[in-house]
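Trainee: Okay, so here is final-v7.txt, and as you'll see once you scroll down, it has compact mmCIF, C-alpha atoms.
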# COMPACT_ATOMS: atom_id res chain seq x y z
CA MET A 51 4.40 61.77 -30.66
CA GLY A 52 7.96 60.99 -29.60
CA THR A 53 10.91 62.64 -31.27
CA GLU A 54 11.97 59.31 -32.76
CA LYS A 55 8.67 59.21 -34.67
CA LYS A 56 8.65 62.87 -35.63
CA GLY A 57 8.29 63.29 -39.36
CA SER A 58 7.43 59.63 -39.91
CA ARG A 59 4.12 58.32 -41.17
CA ASP A 60 2.29 55.52 -39.36
CA GLY A 61 2.05 51.96 -40.62
CA ALA A 62 4.45 49.76 -42.57
CA ASP A 63 2.81 50.00 -45.98
CA ALA A 64 4.92 51.05 -48.93
CA ASN A 65 5.38 54.75 -49.49
CA VAL A 66 3.11 56.17 -52.20
CA HIS A 67 6.11 57.67 -53.96
CA ARG A 68 6.41 56.22 -57.48
CA CYS A 69 10.05 55.20 -56.88
CA THR A 70 9.19 53.08 -53.85
CA LYS A 71 10.03 49.42 -54.47
CA ARG A 72 9.26 47.80 -51.12
CA SER A 73 8.18 48.34 -47.51
CA TYR A 74 10.07 47.48 -44.34
CA ARG A 75 8.62 45.44 -41.50
CA TYR A 76 10.13 47.56 -38.71
CA ARG A 77 9.97 50.92 -40.42
CA SER A 78 10.25 53.73 -37.84
CA ARG A 79 10.57 51.17 -35.02
CA VAL A 80 14.34 50.63 -34.91
CA ILE A 81 16.27 53.29 -33.02
CA CYS A 82 20.06 53.56 -32.99
CA ASP A 83 21.91 54.01 -29.69
CA CYS A 84 22.47 57.62 -30.74
CA GLY A 85 18.69 58.19 -30.72
CA ARG A 86 18.26 58.42 -34.49
CA ARG A 87 15.62 56.38 -36.29
CA MET A 88 17.28 53.73 -38.46
CA GLN A 89 16.28 53.46 -42.12
CA GLY A 90 15.38 50.30 -43.99
CA HIS A 91 17.84 49.31 -46.68
CA GLY A 92 17.51 46.43 -49.13
CA HIS A 93 20.65 44.59 -50.23
CA GLU A 94 20.97 43.34 -53.80
CA ARG A 95 21.26 39.77 -52.49
CA GLY A 96 17.87 40.02 -50.87
CA TYR A 97 18.97 40.82 -47.34
CA VAL A 98 17.23 43.62 -45.47
CA TYR A 99 19.19 45.92 -43.18
CA TYR A 100 18.37 48.89 -41.01
CA ARG A 101 21.05 51.50 -40.97
CA CYS A 102 21.98 54.67 -39.14
CA TRP A 103 23.84 57.01 -41.47
CA PRO A 104 24.14 60.37 -39.68
CA THR A 105 26.43 61.92 -42.29
CA ASN A 106 23.65 61.62 -44.88
CA ASN A 107 21.56 64.49 -43.52
CA ASN A 108 24.30 66.30 -41.60
CA ARG A 109 26.72 67.01 -44.40
CA GLY A 110 29.32 69.52 -43.34
CA ARG A 111 28.28 69.20 -39.68
CA PRO A 112 30.55 66.55 -38.12
CA ASP A 113 29.71 67.98 -34.69
CA LYS A 114 26.24 66.47 -35.10
CA HIS A 115 27.60 62.92 -35.05
CA ALA A 116 30.93 63.14 -33.24
CA GLY A 117 32.10 59.70 -32.11
CA HIS A 118 29.45 57.92 -34.16
CA PRO A 119 30.53 55.23 -36.64
CA ARG A 120 30.16 56.32 -40.25
CA THR A 121 27.33 53.82 -40.73
CA VAL A 122 25.68 51.28 -38.41
CA TYR A 123 23.90 48.27 -39.94
CA VAL A 124 21.57 45.73 -38.30
CA ARG A 125 20.14 42.75 -40.20
CA GLU A 126 16.35 42.51 -40.12
CA GLU A 127 16.50 38.81 -39.29
CA ALA A 128 18.53 39.60 -36.17
CA ILE A 129 15.85 42.08 -35.06
CA THR A 130 13.12 39.54 -35.79
CA ALA A 131 14.87 36.93 -33.63
CA VAL A 132 14.89 39.33 -30.68
CA VAL A 133 11.25 40.31 -31.25
CA ASP A 134 10.27 36.63 -31.41
CA GLN A 135 12.04 35.98 -28.14
CA ALA A 136 10.49 39.00 -26.41
CA PHE A 137 6.93 38.16 -27.47
CA SER A 138 7.32 34.46 -26.72
CA GLN A 139 8.81 35.12 -23.30
CA PHE A 140 6.83 38.08 -22.04
CA LEU A 141 3.45 37.75 -23.76
CA PHE A 142 2.85 34.11 -24.66
CA HIS A 143 5.02 32.14 -22.22
CA PRO A 144 3.18 30.08 -19.56
CA GLN A 145 5.26 31.78 -16.82
CA ARG A 146 4.82 35.30 -18.18
CA ARG A 147 3.41 36.73 -14.94
CA VAL A 148 6.40 35.47 -12.99
CA LEU A 149 8.80 36.72 -15.64
CA LEU A 150 7.15 40.14 -15.73
CA SER A 151 7.28 40.51 -11.94
CA ARG A 152 10.93 39.45 -11.91
CA ASP A 153 11.88 41.94 -14.61
CA VAL A 154 10.00 44.76 -12.91
CA ASP A 155 11.80 44.02 -9.64
CA GLN A 156 15.16 43.92 -11.40
CA ALA A 157 14.44 47.20 -13.17
CA GLU A 158 13.59 48.84 -9.85
CA GLN A 159 16.77 47.48 -8.28
CA ARG A 160 18.86 48.80 -11.16
CA ALA A 161 17.22 52.20 -10.91
CA HIS A 162 17.86 52.30 -7.16
CA ALA A 163 21.51 51.30 -7.64
CA GLU A 164 21.98 53.96 -10.33
CA ARG A 165 20.51 56.63 -8.07
CA ALA A 166 22.76 55.51 -5.21
CA GLU A 167 25.81 55.73 -7.45
CA GLN A 168 24.79 59.16 -8.69
CA ARG A 169 24.14 60.33 -5.12
CA THR A 170 27.63 59.20 -4.10
CA ARG A 171 29.17 61.18 -6.96
CA LEU A 172 27.17 64.27 -6.02
CA GLN A 173 28.12 63.97 -2.36
CA ARG A 174 31.78 63.80 -3.34
CA ARG A 175 31.19 66.93 -5.39
CA ILE A 176 29.68 68.67 -2.37
CA ALA A 177 32.70 67.75 -0.26
CA ASP A 178 35.06 69.07 -2.95
CA LEU A 179 33.16 72.36 -3.18
CA ALA A 180 33.25 72.76 0.60
CA ARG A 181 37.01 72.14 0.62
CA ARG A 182 37.59 74.74 -2.08
CA GLN A 183 35.41 77.28 -0.27
CA GLU A 184 37.36 76.69 2.93
CA ASN A 185 40.63 77.33 1.08
CA LEU A 186 39.27 80.61 -0.25
CA LEU A 187 38.18 81.69 3.23
CA ARG A 188 41.65 81.01 4.62
CA GLN A 189 43.24 83.11 1.88
CA ALA A 190 40.90 86.04 2.53
CA GLU A 191 40.78 85.77 6.32
CA ASP A 192 43.29 88.51 7.24
CA ALA A 193 43.33 90.41 3.95
CA ASP A 194 41.97 93.84 3.14
CA PRO A 195 38.34 93.40 1.99
CA ASP A 196 38.83 96.20 -0.56
CA ASP A 197 41.79 94.48 -2.16
CA PRO A 198 40.88 93.46 -5.77
CA PHE A 199 42.38 90.03 -5.16
CA VAL A 200 40.17 89.50 -2.12
CA GLN A 201 37.15 90.70 -4.05
CA GLY A 202 37.97 88.11 -6.69
CA LEU A 203 38.17 85.46 -3.98
CA ARG A 204 34.77 86.53 -2.69
CA LYS A 205 33.26 86.26 -6.17
CA ARG A 206 34.75 82.81 -6.63
CA TYR A 207 33.40 81.75 -3.24
CA ASN A 208 29.91 82.89 -4.23
CA ASP A 209 30.18 81.02 -7.55
CA LEU A 210 31.07 77.85 -5.66
CA GLN A 211 28.15 78.41 -3.32
CA THR A 212 25.78 78.69 -6.27
CA GLU A 213 27.17 75.46 -7.69
CA ARG A 214 26.76 73.83 -4.29
CA HIS A 215 23.06 74.72 -4.21
CA VAL A 216 22.61 73.20 -7.68
CA VAL A 217 24.22 69.94 -6.56
CA LEU A 218 22.11 69.88 -3.39
CA ASP A 219 18.99 70.27 -5.51
CA GLU A 220 20.08 67.28 -7.60
CA ILE A 221 20.54 65.20 -4.45
CA ALA A 222 17.10 66.28 -3.22
CA ALA A 223 15.60 65.19 -6.55
CA LEU A 224 17.19 61.75 -6.12
CA ASP A 225 15.76 61.54 -2.60
CA ASP A 226 12.30 62.37 -3.96
CA GLN A 227 12.62 59.56 -6.50
CA ASP A 228 13.58 57.11 -3.75
CA ARG A 229 10.57 58.13 -1.68
CA ALA A 230 8.16 57.89 -4.59
CA GLU A 231 6.28 54.60 -4.49
CA PRO A 232 6.48 52.90 -7.90
CA ARG A 233 3.13 51.99 -9.37
CA ARG A 234 2.56 48.26 -9.48
CA ALA A 235 0.34 46.60 -12.05
CA SER A 236 -3.07 45.78 -10.63
CA GLU A 237 -4.51 42.27 -10.61
CA THR A 238 -6.95 43.36 -13.31
CA GLU A 239 -4.08 44.46 -15.53
CA LEU A 240 -2.12 41.27 -14.87
CA ASN A 241 -5.18 39.17 -15.66
CA ILE A 242 -4.95 40.44 -19.24
CA LEU A 243 -1.81 38.33 -19.57
CA ASP A 244 -3.77 35.24 -18.57
CA ALA A 245 -6.23 35.91 -21.37
CA LEU A 246 -3.47 35.55 -23.95
CA PRO A 247 -2.73 32.12 -25.43
CA HIS A 248 0.47 30.18 -24.85
CA LEU A 249 2.31 30.38 -28.15
CA THR A 250 5.72 30.27 -29.71
CA LEU A 251 5.98 32.94 -32.36
CA ASN A 252 7.95 33.15 -35.54
CA PHE A 253 7.48 36.59 -37.05
CA ASP A 254 9.70 35.68 -39.95
CA ARG A 255 6.95 33.35 -41.18
CA ALA A 256 4.07 35.65 -40.30
Show this structure as structure tokens.

Mentor:
Amino acid sequence: MGTEKKGSRDGADANVHRCTKRSYRYRSRVICDCGRRMQGHGHERGYVYYRCWPTNNNRGRPDKHAGHPRTVYVREEAITAVVDQAFSQFLFHPQRRVLLSRDVDQAEQRAHAERAEQRTRLQRRIADLARRQENLLRQAEDADPDDPFVQGLRKRYNDLQTERHVVLDEIAALDDQDRAEPRRASETELNILDALPHLTLNFDRA
């Protein structure tokens, strides 16, 4: 069970608590950008919202939601519109196989570009560490090795070397990801899409 579902019951039925007045269609399914599960909230005018309210269960701990708006609201009808579009386009659209393949390719391209950008940043970090190590070596080159200042330089050099190994390991991990062949959906799996009808959904009327 993912952390976003931790502590949440399954299903969208109303809670058995005697004070429960209604259930929410997307209960436990709407996640804020901060990673918190958003809670259903009924407005007196009949609107339904999902909100992220981190101060509610983190009172006295502003560090737990630093930079987060006090409350984030999303209308249920806005969520339903996106869900309608996703199901109609990727599950029930006549061109769903083409659309799926296109999106998978785009996702792989984005992932590759992100890794390339991260690799560039790490390589710049390696160059910076090497430059700083070279500066330390020049300072200690003709000095007394027993001098406390030189010993401090040696310690700093070793710290930079440790950091360099960490960065090199991160670059190696990116290389491994590039070499890994992404798993493609088999024809059998794609044929499941063909078994679905061609529909236009409207969850708001379901």

Trainee: Which one of A:Leu203, A:Val148, A:Ile129, A:Ala235 sits closest to Glu191 in chain A if you count only C-alpha atoms?

Mentor: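 Of A:Leu203, A:Val148, A:Ile129, A:Ala235, the one nearest Glu191 in chain A, counting only C-alpha atoms, is A:Leu203.
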
Trainee: Quick check, in Å to one decimal: how far apart do CA of Thr212 in chain A and CA of Asp226 in chain A lie?

Mentor: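 Straight-line distance from CA of Thr212 in chain A to CA of Asp226 in chain A works out to 21.3 Å.
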
Trainee: In Å, with one decimal, what is the gap from CA of Arg165 in chain A to CA of Ile221 in chain A?

Mentor: 9.3 Å

Trainee: Could you pull the residues within 12 Å of Gln227 in chain A, counting only C-alpha atoms, minus those fewer than 5 positions along the same chain, as a ChimeraX atom specification?

Mentor: /A:158,161-162,164-166,169,220-222,232

Trainee: Enter the distance from CA of Tyr76 in chain A to CA of Asp155 in chain A, in Å, rounded to one decimal.

Mentor: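 Between CA of Tyr76 in chain A and CA of Asp155 in chain A the gap works out to 29.3 Å.
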
Trainee: Pick the closest to Leu243 in chain A from A:Leu141, A:Ser151, A:Gly92, A:Gln159: which is it, counting only C-alpha atoms?

Mentor: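 Nearest to Leu243 in chain A: A:Leu141.
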
Trainee: Neighbours of range 214-219 of chain A within 7 Å (only C-alpha atoms; same-chain residues fewer than 4 positions away dropped), as a PyMOL selection string?

Mentor: chain A and resi 172+176+179+210+223

Trainee: Output C-alpha atoms for every residue in that selection, as a PDB file, keeping the file's coordinate frame.

Mentor:
ATOM      1  CA  LEU A 172      27.170  64.270  -6.020  1.00  0.00           C
ATOM      2  CA  ILE A 176      29.680  68.670  -2.370  1.00  0.00           C
ATOM      3  CA  LEU A 179      33.160  72.360  -3.180  1.00  0.00           C
ATOM      4  CA  LEU A 210      31.070  77.850  -5.660  1.00  0.00           C
ATOM      5  CA  ALA A 223      15.600  65.190  -6.550  1.00  0.00           C
TER       6      ALA A 223
END

Trainee: Near Cys82 in chain A, counting only C-alpha atoms, which residues have an atom at most 7 Å away, once you skip same-chain residues fewer than 5 positions from it, shown as a list in words?

Mentor: Arg87, Met88 and Cys102 of chain A

Trainee: Kindly indicate which residue among A:His93, A:Asn241, A:Leu186, A:Asp228 lies nearest to Ala163 in chain A, using all atoms listed in the file for the distances.

Mentor: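 Going through A:His93, A:Asn241, A:Leu186, A:Asp228 one by one, the smallest distance to Ala163 in chain A is for A:Asp228.
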